>>> print(open('run28.cif').read())   # mmCIF, N, CA, C and O atoms
data_coords
#
loop_
_atom_site.label_atom_id
_atom_site.label_comp_id
_atom_site.auth_asym_id
_atom_site.auth_seq_id
_atom_site.Cartn_x
_atom_site.Cartn_y
_atom_site.Cartn_z
N MET O 1 -23.18 17.06 -4.22
CA MET O 1 -24.33 16.21 -4.46
C MET O 1 -24.02 14.73 -4.26
O MET O 1 -24.92 13.96 -4.05
N VAL O 2 -22.76 14.35 -4.36
CA VAL O 2 -22.44 12.92 -4.27
C VAL O 2 -21.61 12.57 -3.04
O VAL O 2 -21.20 11.43 -2.90
N GLU O 3 -21.38 13.53 -2.15
CA GLU O 3 -20.47 13.24 -1.05
C GLU O 3 -20.96 12.15 -0.10
O GLU O 3 -20.17 11.54 0.60
N ASN O 4 -22.24 11.85 -0.10
CA ASN O 4 -22.77 10.80 0.76
C ASN O 4 -22.92 9.46 0.05
O ASN O 4 -23.42 8.51 0.62
N GLN O 5 -22.49 9.39 -1.20
CA GLN O 5 -22.56 8.14 -1.95
C GLN O 5 -21.22 7.43 -1.83
O GLN O 5 -20.20 7.94 -2.29
N ASP O 6 -21.23 6.25 -1.23
CA ASP O 6 -19.98 5.51 -1.01
C ASP O 6 -19.25 5.15 -2.29
O ASP O 6 -18.03 5.06 -2.30
N ASP O 7 -19.99 4.93 -3.37
CA ASP O 7 -19.34 4.49 -4.60
C ASP O 7 -18.80 5.64 -5.44
O ASP O 7 -18.10 5.41 -6.42
N VAL O 8 -19.09 6.88 -5.10
CA VAL O 8 -18.61 8.02 -5.85
C VAL O 8 -17.92 8.97 -4.87
O VAL O 8 -18.55 9.78 -4.22
N TYR O 9 -16.61 8.84 -4.76
CA TYR O 9 -15.87 9.69 -3.85
C TYR O 9 -14.56 10.07 -4.52
O TYR O 9 -13.62 9.31 -4.55
N TYR O 10 -14.51 11.27 -5.07
CA TYR O 10 -13.39 11.67 -5.90
C TYR O 10 -12.12 12.04 -5.14
O TYR O 10 -11.07 12.12 -5.73
N ALA O 11 -12.19 12.26 -3.86
CA ALA O 11 -10.99 12.59 -3.10
C ALA O 11 -10.20 11.34 -2.72
O ALA O 11 -9.13 11.44 -2.14
N LYS O 12 -10.69 10.18 -3.07
CA LYS O 12 -10.03 8.92 -2.71
C LYS O 12 -8.59 8.89 -3.22
O LYS O 12 -7.69 8.49 -2.50
N GLY O 13 -8.36 9.35 -4.44
CA GLY O 13 -7.01 9.34 -5.00
C GLY O 13 -6.06 10.20 -4.20
O GLY O 13 -4.92 9.80 -3.91
N THR O 14 -6.50 11.36 -3.81
CA THR O 14 -5.68 12.27 -3.01
C THR O 14 -5.37 11.66 -1.65
O THR O 14 -4.21 11.69 -1.20
N ILE O 15 -6.37 11.13 -1.02
CA ILE O 15 -6.18 10.51 0.30
C ILE O 15 -5.21 9.34 0.20
O ILE O 15 -4.31 9.19 1.02
N ASN O 16 -5.35 8.52 -0.83
CA ASN O 16 -4.47 7.37 -1.00
C ASN O 16 -3.04 7.79 -1.30
O ASN O 16 -2.09 7.17 -0.82
N MET O 17 -2.87 8.84 -2.09
CA MET O 17 -1.51 9.33 -2.38
C MET O 17 -0.83 9.83 -1.10
O MET O 17 0.35 9.57 -0.88
N TYR O 18 -1.57 10.56 -0.26
CA TYR O 18 -1.00 11.02 1.00
C TYR O 18 -0.63 9.85 1.91
O TYR O 18 0.41 9.87 2.56
N GLN O 19 -1.48 8.84 1.95
CA GLN O 19 -1.17 7.66 2.77
C GLN O 19 0.07 6.94 2.23
O GLN O 19 0.94 6.53 2.99
N PHE O 20 0.14 6.80 0.92
CA PHE O 20 1.30 6.16 0.29
C PHE O 20 2.57 6.94 0.62
O PHE O 20 3.58 6.36 1.01
N GLN O 21 2.51 8.26 0.50
CA GLN O 21 3.66 9.11 0.82
C GLN O 21 4.06 8.97 2.29
O GLN O 21 5.24 8.90 2.62
N LYS O 22 3.08 8.92 3.15
CA LYS O 22 3.33 8.82 4.59
C LYS O 22 4.06 7.52 4.94
O LYS O 22 4.98 7.52 5.76
N VAL O 23 3.66 6.43 4.31
CA VAL O 23 4.24 5.12 4.64
C VAL O 23 5.55 4.87 3.90
O VAL O 23 6.54 4.43 4.49
N VAL O 24 5.58 5.13 2.61
CA VAL O 24 6.75 4.81 1.79
C VAL O 24 7.81 5.91 1.86
O VAL O 24 8.99 5.64 1.74
N GLY O 25 7.36 7.14 2.04
CA GLY O 25 8.28 8.27 2.13
C GLY O 25 8.16 9.20 0.94
O GLY O 25 8.02 8.74 -0.20
N GLU O 26 8.21 10.49 1.22
CA GLU O 26 8.06 11.49 0.16
C GLU O 26 9.14 11.36 -0.90
O GLU O 26 8.88 11.47 -2.10
N GLY O 27 10.36 11.09 -0.48
CA GLY O 27 11.46 10.95 -1.43
C GLY O 27 11.24 9.81 -2.42
O GLY O 27 11.51 9.95 -3.61
N GLN O 28 10.74 8.69 -1.91
CA GLN O 28 10.49 7.54 -2.78
C GLN O 28 9.34 7.81 -3.76
O GLN O 28 9.40 7.42 -4.91
N VAL O 29 8.30 8.49 -3.27
CA VAL O 29 7.18 8.83 -4.15
C VAL O 29 7.65 9.80 -5.22
O VAL O 29 7.33 9.63 -6.40
N ASN O 30 8.44 10.79 -4.83
CA ASN O 30 8.97 11.74 -5.81
C ASN O 30 9.86 11.05 -6.84
O ASN O 30 9.83 11.38 -8.03
N LYS O 31 10.62 10.06 -6.38
CA LYS O 31 11.47 9.29 -7.29
C LYS O 31 10.61 8.53 -8.30
O LYS O 31 10.90 8.55 -9.50
N ALA O 32 9.54 7.89 -7.83
CA ALA O 32 8.65 7.16 -8.73
C ALA O 32 8.01 8.10 -9.75
O ALA O 32 7.94 7.77 -10.94
N LEU O 33 7.55 9.25 -9.29
CA LEU O 33 6.92 10.22 -10.21
C LEU O 33 7.94 10.73 -11.22
O LEU O 33 7.62 10.90 -12.40
N SER O 34 9.16 10.96 -10.78
CA SER O 34 10.21 11.41 -11.68
C SER O 34 10.51 10.36 -12.75
O SER O 34 10.63 10.68 -13.94
N TYR O 35 10.63 9.11 -12.32
CA TYR O 35 10.87 8.01 -13.28
C TYR O 35 9.72 7.90 -14.27
O TYR O 35 9.93 7.68 -15.46
N PHE O 36 8.50 8.02 -13.77
CA PHE O 36 7.32 7.94 -14.63
C PHE O 36 7.35 9.05 -15.68
O PHE O 36 7.14 8.79 -16.87
N LEU O 37 7.60 10.28 -15.25
CA LEU O 37 7.64 11.40 -16.19
C LEU O 37 8.77 11.24 -17.20
O LEU O 37 8.59 11.49 -18.40
N GLU O 38 9.92 10.81 -16.73
CA GLU O 38 11.04 10.61 -17.63
C GLU O 38 10.73 9.51 -18.65
O GLU O 38 11.02 9.64 -19.83
N ASP O 39 10.12 8.44 -18.16
CA ASP O 39 9.77 7.31 -19.01
C ASP O 39 8.78 7.71 -20.11
O ASP O 39 8.88 7.28 -21.24
N TRP O 40 7.80 8.56 -19.74
CA TRP O 40 6.75 8.89 -20.70
C TRP O 40 6.94 10.20 -21.43
O TRP O 40 6.26 10.47 -22.41
N ASN O 41 7.89 11.03 -21.01
CA ASN O 41 8.13 12.29 -21.72
C ASN O 41 9.29 12.21 -22.69
O ASN O 41 9.35 12.96 -23.64
N THR O 42 10.24 11.32 -22.41
CA THR O 42 11.44 11.31 -23.24
C THR O 42 11.87 9.89 -23.60
O THR O 42 11.53 8.92 -22.94
N THR O 43 12.63 9.82 -24.68
CA THR O 43 13.35 8.61 -25.06
C THR O 43 14.80 9.05 -25.22
O THR O 43 15.10 9.91 -26.04
N ASN O 44 15.66 8.49 -24.41
CA ASN O 44 17.07 8.91 -24.41
C ASN O 44 17.20 10.42 -24.25
O ASN O 44 17.98 11.07 -24.92
N ARG O 45 16.36 10.96 -23.37
CA ARG O 45 16.35 12.38 -23.03
C ARG O 45 15.91 13.29 -24.19
O ARG O 45 16.11 14.49 -24.15
N ILE O 46 15.33 12.73 -25.23
CA ILE O 46 14.76 13.50 -26.33
C ILE O 46 13.25 13.45 -26.18
O ILE O 46 12.66 12.38 -26.03
N LEU O 47 12.60 14.62 -26.23
CA LEU O 47 11.17 14.71 -26.01
C LEU O 47 10.40 13.83 -26.98
O LEU O 47 10.64 13.86 -28.19
N LYS O 48 9.50 13.01 -26.43
CA LYS O 48 8.67 12.16 -27.27
C LYS O 48 7.58 13.00 -27.92
O LYS O 48 6.88 13.76 -27.25
N THR O 49 7.43 12.88 -29.21
CA THR O 49 6.33 13.56 -29.89
C THR O 49 5.35 12.56 -30.47
O THR O 49 4.20 12.87 -30.66
N ASN O 50 5.81 11.35 -30.74
CA ASN O 50 4.93 10.29 -31.23
C ASN O 50 5.13 9.06 -30.37
O ASN O 50 6.25 8.64 -30.11
N THR O 51 4.03 8.50 -29.91
CA THR O 51 4.09 7.25 -29.16
C THR O 51 3.02 6.32 -29.70
O THR O 51 2.06 6.76 -30.32
N ASN O 52 3.19 5.05 -29.43
CA ASN O 52 2.20 4.07 -29.87
C ASN O 52 0.99 4.02 -28.95
O ASN O 52 -0.04 3.49 -29.30
N ARG O 53 1.13 4.58 -27.74
CA ARG O 53 0.02 4.59 -26.79
C ARG O 53 0.27 5.66 -25.74
O ARG O 53 1.36 6.20 -25.63
N TYR O 54 -0.75 5.94 -24.98
CA TYR O 54 -0.65 6.87 -23.87
C TYR O 54 -0.33 6.10 -22.59
O TYR O 54 -0.64 4.93 -22.47
N ALA O 55 0.27 6.80 -21.64
CA ALA O 55 0.53 6.19 -20.34
C ALA O 55 -0.79 5.92 -19.63
O ALA O 55 -1.77 6.63 -19.83
N THR O 56 -0.79 4.89 -18.81
CA THR O 56 -1.99 4.53 -18.05
C THR O 56 -1.66 4.52 -16.56
O THR O 56 -0.49 4.62 -16.17
N SER O 57 -2.68 4.36 -15.76
CA SER O 57 -2.46 4.25 -14.32
C SER O 57 -1.62 3.01 -14.00
O SER O 57 -0.85 3.02 -13.04
N GLU O 58 -1.72 1.97 -14.80
CA GLU O 58 -0.90 0.78 -14.57
C GLU O 58 0.59 1.09 -14.73
O GLU O 58 1.42 0.52 -14.03
N ASP O 59 0.91 1.98 -15.66
CA ASP O 59 2.30 2.38 -15.82
C ASP O 59 2.80 3.11 -14.58
O ASP O 59 3.91 2.86 -14.10
N LEU O 60 1.99 4.00 -14.04
CA LEU O 60 2.37 4.74 -12.84
C LEU O 60 2.49 3.79 -11.65
O LEU O 60 3.46 3.86 -10.88
N ILE O 61 1.57 2.88 -11.51
CA ILE O 61 1.61 1.91 -10.42
C ILE O 61 2.87 1.05 -10.51
O ILE O 61 3.49 0.72 -9.49
N GLY O 62 3.29 0.73 -11.71
CA GLY O 62 4.53 -0.02 -11.89
C GLY O 62 5.73 0.72 -11.31
O GLY O 62 6.60 0.12 -10.68
N HIS O 63 5.77 2.03 -11.50
CA HIS O 63 6.85 2.83 -10.92
C HIS O 63 6.72 2.92 -9.40
O HIS O 63 7.73 2.93 -8.70
N PHE O 64 5.49 2.97 -8.90
CA PHE O 64 5.30 2.94 -7.44
C PHE O 64 5.84 1.63 -6.87
O PHE O 64 6.48 1.62 -5.83
N ARG O 65 5.59 0.53 -7.55
CA ARG O 65 6.06 -0.78 -7.08
C ARG O 65 7.59 -0.82 -7.03
O ARG O 65 8.17 -1.41 -6.12
N LYS O 66 8.25 -0.20 -8.00
CA LYS O 66 9.71 -0.24 -8.06
C LYS O 66 10.36 0.45 -6.87
O LYS O 66 11.46 0.06 -6.47
N VAL O 67 9.71 1.46 -6.31
CA VAL O 67 10.32 2.20 -5.20
C VAL O 67 9.78 1.77 -3.83
O VAL O 67 10.16 2.33 -2.82
N THR O 68 8.90 0.78 -3.83
CA THR O 68 8.27 0.32 -2.59
C THR O 68 8.97 -0.96 -2.12
O THR O 68 9.10 -1.91 -2.89
N PRO O 69 9.41 -1.00 -0.87
CA PRO O 69 10.05 -2.22 -0.35
C PRO O 69 9.11 -3.43 -0.44
O PRO O 69 7.88 -3.27 -0.40
N ASP O 70 9.69 -4.61 -0.54
CA ASP O 70 8.90 -5.84 -0.62
C ASP O 70 7.89 -5.95 0.52
O ASP O 70 6.77 -6.39 0.32
N SER O 71 8.30 -5.53 1.70
CA SER O 71 7.42 -5.66 2.86
C SER O 71 6.19 -4.75 2.79
O SER O 71 5.24 -4.93 3.54
N LEU O 72 6.21 -3.77 1.87
CA LEU O 72 5.09 -2.84 1.75
C LEU O 72 4.35 -2.95 0.41
O LEU O 72 3.49 -2.13 0.11
N GLN O 73 4.67 -3.96 -0.39
CA GLN O 73 4.02 -4.11 -1.69
C GLN O 73 2.50 -4.23 -1.58
O GLN O 73 1.77 -3.77 -2.45
N TYR O 74 2.03 -4.80 -0.48
CA TYR O 74 0.58 -4.92 -0.27
C TYR O 74 -0.09 -3.55 -0.29
O TYR O 74 -1.24 -3.42 -0.69
N LEU O 75 0.65 -2.52 0.13
CA LEU O 75 0.09 -1.18 0.19
C LEU O 75 -0.27 -0.66 -1.20
O LEU O 75 -1.32 -0.04 -1.39
N VAL O 76 0.58 -0.94 -2.18
CA VAL O 76 0.29 -0.51 -3.55
C VAL O 76 -1.00 -1.17 -4.04
O VAL O 76 -1.86 -0.52 -4.62
N THR O 77 -1.14 -2.45 -3.75
CA THR O 77 -2.36 -3.17 -4.13
C THR O 77 -3.57 -2.58 -3.42
O THR O 77 -4.58 -2.27 -4.05
N ASP O 78 -3.46 -2.41 -2.12
CA ASP O 78 -4.60 -1.92 -1.33
C ASP O 78 -5.01 -0.51 -1.73
O ASP O 78 -6.20 -0.20 -1.82
N LEU O 79 -4.04 0.37 -1.96
CA LEU O 79 -4.37 1.77 -2.23
C LEU O 79 -4.74 2.05 -3.68
O LEU O 79 -5.56 2.93 -3.94
N PHE O 80 -4.12 1.33 -4.62
CA PHE O 80 -4.28 1.71 -6.02
C PHE O 80 -4.90 0.66 -6.93
O PHE O 80 -5.28 0.98 -8.05
N GLU O 81 -4.99 -0.56 -6.48
CA GLU O 81 -5.52 -1.60 -7.36
C GLU O 81 -6.82 -2.23 -6.85
O GLU O 81 -7.47 -2.93 -7.60
N SER O 82 -7.15 -2.01 -5.61
CA SER O 82 -8.37 -2.58 -5.03
C SER O 82 -9.44 -1.51 -4.92
O SER O 82 -9.14 -0.36 -4.63
N VAL O 83 -10.66 -1.93 -5.12
CA VAL O 83 -11.79 -1.02 -4.92
C VAL O 83 -12.49 -1.46 -3.66
O VAL O 83 -13.02 -2.56 -3.58
N LYS O 84 -12.44 -0.60 -2.66
CA LYS O 84 -13.06 -0.94 -1.39
C LYS O 84 -14.12 0.12 -1.08
O LYS O 84 -13.88 1.31 -1.27
N PRO O 85 -15.27 -0.31 -0.61
CA PRO O 85 -16.29 0.68 -0.26
C PRO O 85 -15.85 1.49 0.95
O PRO O 85 -15.05 1.04 1.76
N ALA O 86 -16.36 2.69 1.03
CA ALA O 86 -16.06 3.54 2.18
C ALA O 86 -16.59 2.89 3.44
O ALA O 86 -17.61 2.21 3.42
N SER O 87 -15.88 3.09 4.53
CA SER O 87 -16.33 2.50 5.79
C SER O 87 -17.57 3.21 6.28
O SER O 87 -17.75 4.40 6.10
N VAL O 88 -18.43 2.44 6.91
CA VAL O 88 -19.67 2.98 7.44
C VAL O 88 -19.38 3.58 8.81
O VAL O 88 -18.71 2.97 9.63
N LYS O 89 -19.84 4.79 9.03
CA LYS O 89 -19.59 5.47 10.30
C LYS O 89 -20.76 5.34 11.22
O LYS O 89 -21.87 5.24 10.86
#
>>> encode(input="run28.cif", output="structure tokens")
Amino acid sequence: MVENQDDVYYAKGTINMYQFQKVVGEGQVNKALSYFLEDWNTTNRILKTNTNRYATSEDLIGHFRKVTPDSLQYLVTDLFESVKPASVK
């Protein structure tokens, strides 16, 4: 019902993740995801059961930035921090 609405397109995240992986490399993306999970699942390798807050997309983006070369930092901004309307065909 919403596939023709430019402002509501739920596959955007998937498409952006594939583009990020294609440019930065699957290994680097996997490394960022691993760091993110380790950071939010454990403290000193002990499973976290109580935290002061939940992880956010900003936390994940921070890990993406750490594994992205300086020359490609714009990609993190473009893919994950900017809201751009779908291109008109």
>>> closest_residue(input="run28.cif", among="O:Val24, O:Ala11, O:Leu75, O:Ala32", to="O:Asp59", atoms="all atoms listed in the file")
O:Ala32
>>> residues_around(input="run28.cif", residues="O:Phe20", least_positions_apart="5", cutoff="8 Å", atoms="only N, CA, C and O atoms", output="list in words")
Gly13, Thr14, Ile15, Gly25, Glu26, Gln28, Val29, Leu75, Val76 and Leu79 of chain O
>>> write_last_selection(input="run28.cif", atoms="N, CA, C and O atoms", output="CSV table (one decimal), keeping the file's coordinate frame")
chain,number,residue,atom,x,y,z
O,13,GLY,N,-8.4,9.4,-4.4
O,13,GLY,CA,-7.0,9.3,-5.0
O,13,GLY,C,-6.1,10.2,-4.2
O,13,GLY,O,-4.9,9.8,-3.9
O,14,THR,N,-6.5,11.4,-3.8
O,14,THR,CA,-5.7,12.3,-3.0
O,14,THR,C,-5.4,11.7,-1.6
O,14,THR,O,-4.2,11.7,-1.2
O,15,ILE,N,-6.4,11.1,-1.0
O,15,ILE,CA,-6.2,10.5,0.3
O,15,ILE,C,-5.2,9.3,0.2
O,15,ILE,O,-4.3,9.2,1.0
O,25,GLY,N,7.4,7.1,2.0
O,25,GLY,CA,8.3,8.3,2.1
O,25,GLY,C,8.2,9.2,0.9
O,25,GLY,O,8.0,8.7,-0.2
O,26,GLU,N,8.2,10.5,1.2
O,26,GLU,CA,8.1,11.5,0.2
O,26,GLU,C,9.1,11.4,-0.9
O,26,GLU,O,8.9,11.5,-2.1
O,28,GLN,N,10.7,8.7,-1.9
O,28,GLN,CA,10.5,7.5,-2.8
O,28,GLN,C,9.3,7.8,-3.8
O,28,GLN,O,9.4,7.4,-4.9
O,29,VAL,N,8.3,8.5,-3.3
O,29,VAL,CA,7.2,8.8,-4.2
O,29,VAL,C,7.6,9.8,-5.2
O,29,VAL,O,7.3,9.6,-6.4
O,75,LEU,N,0.6,-2.5,0.1
O,75,LEU,CA,0.1,-1.2,0.2
O,75,LEU,C,-0.3,-0.7,-1.2
O,75,LEU,O,-1.3,0.0,-1.4
O,76,VAL,N,0.6,-0.9,-2.2
O,76,VAL,CA,0.3,-0.5,-3.6
O,76,VAL,C,-1.0,-1.2,-4.0
O,76,VAL,O,-1.9,-0.5,-4.6
O,79,LEU,N,-4.0,0.4,-2.0
O,79,LEU,CA,-4.4,1.8,-2.2
O,79,LEU,C,-4.7,2.0,-3.7
O,79,LEU,O,-5.6,2.9,-3.9
>>> resolve_selection(input="run28.cif", expression="the PyMOL selection byres (((chain O and resi 81 and name CA) around 12) and name CA)", output="ChimeraX atom specification")
/O:13,16,57-58,60-62,64-65,73-80,82-84
>>> atom_distance(input="run28.cif", atom1="atom O of O:Arg53", atom2="atom N of O:Asn41")
9.3 Å
>>> atom_distance(input="run28.cif", atom1="atom N of O:Phe36", atom2="atom N of O:His63")
7.0 Å
>>> axis_aligned_box(input="run28.cif", around="stretch 52-56 of chain O", padding_each_side="5 Å", output="JSON")
{"center_x": 0.6, "center_y": 5.2, "center_z": -23.0, "size_x": 15.2, "size_y": 13.4, "size_z": 23.7}
>>> atom_distance(input="run28.cif", atom1="atom O of O:Tyr18", atom2="atom C of O:Val67")
13.9 Å
>>> decode(input="run28.cif", residues="stretch 32-43 of chain O", atoms="all heavy atoms", output="CSV table (one decimal), in the first residue's frame")
chain,number,residue,atom,x,y,z
O,32,ALA,N,32.4,-4.2,12.6
O,32,ALA,CA,31.6,-3.2,13.3
O,32,ALA,C,30.4,-3.8,14.1
O,32,ALA,O,30.2,-3.5,15.2
O,32,ALA,CB,31.1,-2.1,12.3
O,33,LEU,N,29.7,-4.7,13.4
O,33,LEU,CA,28.6,-5.4,14.1
O,33,LEU,C,29.1,-6.2,15.3
O,33,LEU,O,28.4,-6.2,16.3
O,33,LEU,CB,27.9,-6.3,13.1
O,33,LEU,CG,27.2,-5.5,11.9
O,33,LEU,CD1,26.6,-6.5,10.9
O,33,LEU,CD2,26.0,-4.6,12.5
O,34,SER,N,30.2,-6.9,15.1
O,34,SER,CA,30.7,-7.7,16.2
O,34,SER,C,31.1,-6.8,17.4
O,34,SER,O,30.8,-7.1,18.6
O,34,SER,CB,32.0,-8.4,15.8
O,34,SER,OG,32.6,-9.1,16.8
O,35,TYR,N,31.8,-5.6,17.1
O,35,TYR,CA,32.1,-4.7,18.2
O,35,TYR,C,30.8,-4.2,18.9
O,35,TYR,O,30.8,-4.0,20.1
O,35,TYR,CB,32.9,-3.5,17.7
O,35,TYR,CG,34.3,-3.9,17.2
O,35,TYR,CD1,34.9,-3.1,16.3
O,35,TYR,CD2,35.0,-4.9,17.7
O,35,TYR,CE1,36.2,-3.3,15.8
O,35,TYR,CE2,36.3,-5.2,17.3
O,35,TYR,CZ,36.9,-4.4,16.4
O,35,TYR,OH,38.2,-4.7,15.9
O,36,PHE,N,29.8,-3.8,18.1
O,36,PHE,CA,28.6,-3.3,18.6
O,36,PHE,C,27.9,-4.4,19.5
O,36,PHE,O,27.5,-4.0,20.7
O,36,PHE,CB,27.6,-3.0,17.5
O,36,PHE,CG,26.2,-2.6,17.9
O,36,PHE,CD1,26.0,-1.3,18.4
O,36,PHE,CD2,25.2,-3.5,17.8
O,36,PHE,CE1,24.7,-1.0,18.8
O,36,PHE,CE2,23.9,-3.1,18.2
O,36,PHE,CZ,23.7,-1.8,18.7
O,37,LEU,N,27.8,-5.6,19.1
O,37,LEU,CA,27.2,-6.6,19.9
O,37,LEU,C,28.0,-6.9,21.2
O,37,LEU,O,27.5,-7.0,22.3
O,37,LEU,CB,27.1,-7.9,19.1
O,37,LEU,CG,26.0,-7.9,18.0
O,37,LEU,CD1,26.1,-9.2,17.2
O,37,LEU,CD2,24.7,-7.7,18.6
O,38,GLU,N,29.3,-6.9,21.1
O,38,GLU,CA,30.2,-7.1,22.3
O,38,GLU,C,30.0,-5.9,23.2
O,38,GLU,O,29.9,-6.1,24.4
O,38,GLU,CB,31.6,-7.2,21.8
O,38,GLU,CG,32.6,-7.5,23.0
O,38,GLU,CD,34.0,-7.7,22.6
O,38,GLU,OE1,34.2,-8.4,21.5
O,38,GLU,OE2,34.9,-7.2,23.3
O,39,ASP,N,30.0,-4.7,22.7
O,39,ASP,CA,29.8,-3.5,23.5
O,39,ASP,C,28.5,-3.5,24.3
O,39,ASP,O,28.4,-3.1,25.4
O,39,ASP,CB,29.9,-2.3,22.6
O,39,ASP,CG,30.0,-1.0,23.4
O,39,ASP,OD1,30.4,-1.0,24.6
O,39,ASP,OD2,29.6,0.0,22.8
O,40,TRP,N,27.4,-4.0,23.6
O,40,TRP,CA,26.1,-3.9,24.2
O,40,TRP,C,25.6,-5.2,24.9
O,40,TRP,O,24.6,-5.2,25.6
O,40,TRP,CB,25.1,-3.4,23.2
O,40,TRP,CG,25.3,-1.9,23.1
O,40,TRP,CD1,26.0,-1.3,22.1
O,40,TRP,CD2,24.9,-0.9,24.0
O,40,TRP,NE1,26.1,0.0,22.3
O,40,TRP,CE2,25.4,0.3,23.5
O,40,TRP,CE3,24.1,-0.9,25.1
O,40,TRP,CZ2,25.2,1.5,24.1
O,40,TRP,CZ3,23.9,0.3,25.8
O,40,TRP,CH2,24.4,1.5,25.3
O,41,ASN,N,26.3,-6.3,24.7
O,41,ASN,CA,25.9,-7.5,25.3
O,41,ASN,C,26.7,-7.9,26.5
O,41,ASN,O,26.2,-8.6,27.4
O,41,ASN,CB,26.0,-8.7,24.3
O,41,ASN,CG,24.8,-8.8,23.4
O,41,ASN,OD1,23.8,-8.4,23.7
O,41,ASN,ND2,25.0,-9.5,22.3
O,42,THR,N,27.9,-7.4,26.6
O,42,THR,CA,28.8,-7.8,27.7
O,42,THR,C,29.6,-6.6,28.3
O,42,THR,O,29.8,-5.6,27.6
O,42,THR,CB,29.8,-8.8,27.2
O,42,THR,OG1,30.7,-8.2,26.2
O,42,THR,CG2,29.1,-10.1,26.7
O,43,THR,N,30.0,-6.8,29.5
O,43,THR,CA,30.9,-5.9,30.2
O,43,THR,C,32.0,-6.8,30.7
O,43,THR,O,31.8,-7.7,31.5
O,43,THR,CB,30.3,-5.1,31.3
O,43,THR,OG1,29.2,-4.4,30.9
O,43,THR,CG2,31.3,-4.2,32.0
